[in-house]
Amino acid sequence: MTANAVATPCPTMTERSGVERPAAAPTAAPLGYLTPHYEIRLCRGATGCPNALIDVRSVGELVREAVEASGWCEHLAERANRPLLLHQKFRAAVAGCPNACSEPQIRDFGVVGWTQPGTGERACNQCMECEAVCREGAIVVEDEPHIDRERCVDCGACVRACPSGTLVAAQTGYRVLGGGKLGRHPRLADTLLERTDAAGVRAAARAALGLMRQREARLGEILEREGPEPLCGALSNCPGPVGPKETQ
Ligand code: SF4
Ligand code: SF4
Ligand code: SF4
């Protein structure tokens, strides 16, 4: 069930001579689950990317279980007397960090790992590594590091870079996205749950699939037409606030 196809190598032009030569090692297709009824892409965090903040494989399996338990495959199979269109497939992606390499923003359902940095008890040595590594300009070090929560995207890079252990992972969890799609009317996914846990991911996946079955439409189309209200009831019981990031 795991998809990991290998692309055909294409010739490339060298910069110096313009001579065509085969590309270096072909890149493998994204990891994940590929079935006739759903697709769940996993980022390279599943195979050891050092930026991964969550267990990408486990979350992918969690989403797969939620899809299977929801009756989604049976629902689509019932349509066998009608042609099953490619866009009717449920598309999900799991990304190990906010870099979002598996593109959860353009899937029906997405999960992104995050780590909120905080300060622990160990003293800062003013090495400035955290300032240097933060691509968002979210840290200023004076006597100790100060983090601008509005700028911070919770990538955890400063925590990994801090040699003294002053910066620590205050919290790690999942951001759940929904309603992204490409096609004739492309749409970036909305944030369904900003800070949640595995139970929230499972519940949100089931809620999204249930709504898609009921309305016979992509989640993005439903959110576009009706707003988030049809999901709010189910999501209000999930751990973590519904909607975009809180900065306080
Ligand atoms: S999303 Fe993050 S963890 Fe996943 S492959 Fe990209 S950088 Fe690595
Ligand atoms: S978590 Fe990432 S974005 Fe936030 S302060 Fe650290 S390095 Fe910057
Ligand atoms: S990386 Fe750690 S020790 Fe260095 S300035 Fe930042 S908080 Fe202080």
# chains A, B, ... in the order shown; residues from 1 in each chain; ligands from 1
$ residues_near_ligand --ligand "ligand 1" --cutoff "9 Å" --atoms "only C-alpha atoms and all ligand atoms" --output "ChimeraX atom specification"
/A:42-54,56,94-103,112-113,155
$ write_last_selection --atoms "C-alpha atoms" --output "tab-separated table (two decimals), in the first residue's frame"
chain	number	residue	atom	x	y	z
A	42	LEU	CA	3.99	11.80	3.90
A	43	CYS	CA	6.92	14.21	3.86
A	44	ARG	CA	10.51	13.04	4.17
A	45	GLY	CA	10.15	13.33	7.90
A	46	ALA	CA	8.94	9.74	7.56
A	47	THR	CA	12.42	8.68	6.50
A	48	GLY	CA	14.56	10.73	8.84
A	49	CYS	CA	14.48	14.43	7.91
A	50	PRO	CA	16.20	16.17	10.85
A	51	ASN	CA	13.58	18.95	10.85
A	52	ALA	CA	10.73	16.59	11.72
A	53	LEU	CA	9.00	17.55	14.95
A	54	ILE	CA	6.47	14.72	15.00
A	56	VAL	CA	5.21	11.48	10.49
A	94	VAL	CA	1.27	14.91	6.70
A	95	ALA	CA	4.23	17.27	7.15
A	96	GLY	CA	6.73	16.91	9.96
A	97	CYS	CA	7.27	20.65	10.38
A	98	PRO	CA	5.93	24.00	9.14
A	99	ASN	CA	8.07	23.75	5.98
A	100	ALA	CA	5.14	21.62	4.79
A	101	CYS	CA	7.02	19.78	2.02
A	102	SER	CA	4.15	17.33	1.42
A	103	GLU	CA	1.91	20.31	0.51
A	112	VAL	CA	1.58	19.80	10.17
A	113	GLY	CA	3.86	19.24	13.16
A	155	CYS	CA	9.53	25.39	13.43
$ select_by_dssp --residues "range 8-202 of chain A" --states "helix (DSSP H, G or I)" --output "ChimeraX atom specification"
/A:44-47,56-69,72-81,86-88,104-106,129-133,157-161,198-202
$ closest_residue --among "A:Asp197, A:Glu121, A:Asp190, A:Glu74" --to "ligand 3" --atoms "only C-alpha atoms and all ligand atoms"
A:Glu121
$ residues_near_ligand --ligand "ligand 2" --cutoff "9 Å" --atoms "only C-alpha atoms and all ligand atoms" --output "VMD selection string"
chain A and resid 98 114 to 118 130 to 139 146 to 149 151 to 161 167 169
$ select_by_dssp --residues "range 74-142 of chain A" --states "strand (DSSP E)" --output "NGL selection string"
:A and (90-95 or 109-119 or 139-141)
$ closest_atom_pairs --of "chain A" --to "ligand 3" --cutoff "7 Å" --atoms "only C-alpha atoms and all ligand atoms" --output "Markdown table"
| residue | atom | partner | partner_atom_place_in_ligand_line | distance |
| --- | --- | --- | --- | --- |
| A:Cys124 | CA | ligand 3 | 8 (Fe) | 3.8 |
| A:Asn125 | CA | ligand 3 | 3 (S) | 4.5 |
| A:Gln126 | CA | ligand 3 | 5 (S) | 3.8 |
| A:Cys127 | CA | ligand 3 | 4 (Fe) | 3.9 |
| A:Met128 | CA | ligand 3 | 5 (S) | 3.8 |
| A:Glu129 | CA | ligand 3 | 1 (S) | 4.3 |
| A:Cys130 | CA | ligand 3 | 1 (S) | 4.1 |
| A:Glu131 | CA | ligand 3 | 6 (Fe) | 6.4 |
| A:Val141 | CA | ligand 3 | 5 (S) | 5.9 |
| A:Glu144 | CA | ligand 3 | 8 (Fe) | 6.1 |
| A:Pro145 | CA | ligand 3 | 7 (S) | 5.2 |
| A:Cys158 | CA | ligand 3 | 1 (S) | 6.6 |
| A:Ala161 | CA | ligand 3 | 1 (S) | 5.9 |
| A:Cys162 | CA | ligand 3 | 1 (S) | 3.6 |
| A:Pro163 | CA | ligand 3 | 2 (Fe) | 5.7 |
| A:Ser164 | CA | ligand 3 | 3 (S) | 4.9 |
| A:Gly165 | CA | ligand 3 | 2 (Fe) | 6.3 |
| A:Thr166 | CA | ligand 3 | 7 (S) | 5.1 |
| A:Leu167 | CA | ligand 3 | 7 (S) | 5.3 |
$ closest_residue --among "A:Cys238, A:Ala77, A:Val111, A:Leu211" --to "Glu226 in chain A" --atoms "only C-alpha atoms"
A:Leu211
$ closest_residue --among "A:Glu39, A:Glu216, A:Glu78, A:Glu142" --to "Glu61 in chain A" --atoms "only C-alpha atoms"
A:Glu39
$ atom_distance --atom1 "CA of Leu34 in chain A" --atom2 "CA of Arg218 in chain A"
18.1 Å
$ closest_atom_pairs --of "range 24-136 of chain A" --to "range 178-184 of chain A" --cutoff "12 Å" --atoms "only C-alpha atoms" --output "CSV"
residue,atom,partner,partner_atom,distance
A:Leu86,CA,A:Gly183,CA,11.0
A:His87,CA,A:Gly183,CA,8.5
A:Gln88,CA,A:Lys181,CA,11.4
A:Lys89,CA,A:Lys181,CA,11.6
A:Phe90,CA,A:Lys181,CA,10.7
A:Arg91,CA,A:Lys181,CA,8.9
A:Ala92,CA,A:Gly178,CA,8.9
A:Ala93,CA,A:Gly178,CA,10.3
A:Val94,CA,A:Gly178,CA,11.9
A:Glu103,CA,A:Gly180,CA,9.5
A:Pro104,CA,A:Gly180,CA,7.5
A:Gln105,CA,A:Gly180,CA,5.4
A:Ile106,CA,A:Gly180,CA,4.0
A:Arg107,CA,A:Gly180,CA,4.6
A:Asp108,CA,A:Gly179,CA,4.7
A:Phe109,CA,A:Gly178,CA,4.4
A:Gly110,CA,A:Gly178,CA,6.1
A:Val111,CA,A:Gly178,CA,8.9
A:Val112,CA,A:Gly178,CA,11.3
$ closest_residue --among "A:Ala69, A:Arg57, A:His75, A:Glu221" --to "His185 in chain A" --atoms "only C-alpha atoms"
A:Glu221
$ residues_around --residues "range 202-205 of chain A" --least-positions-apart "2" --cutoff "7 Å" --atoms "only C-alpha atoms" --output "list in words"
Leu62, Val63, Ala66, Ala198, Ala199, Gly200, Ala207, Ala208, Leu209, Leu235 and Cys238 of chain A
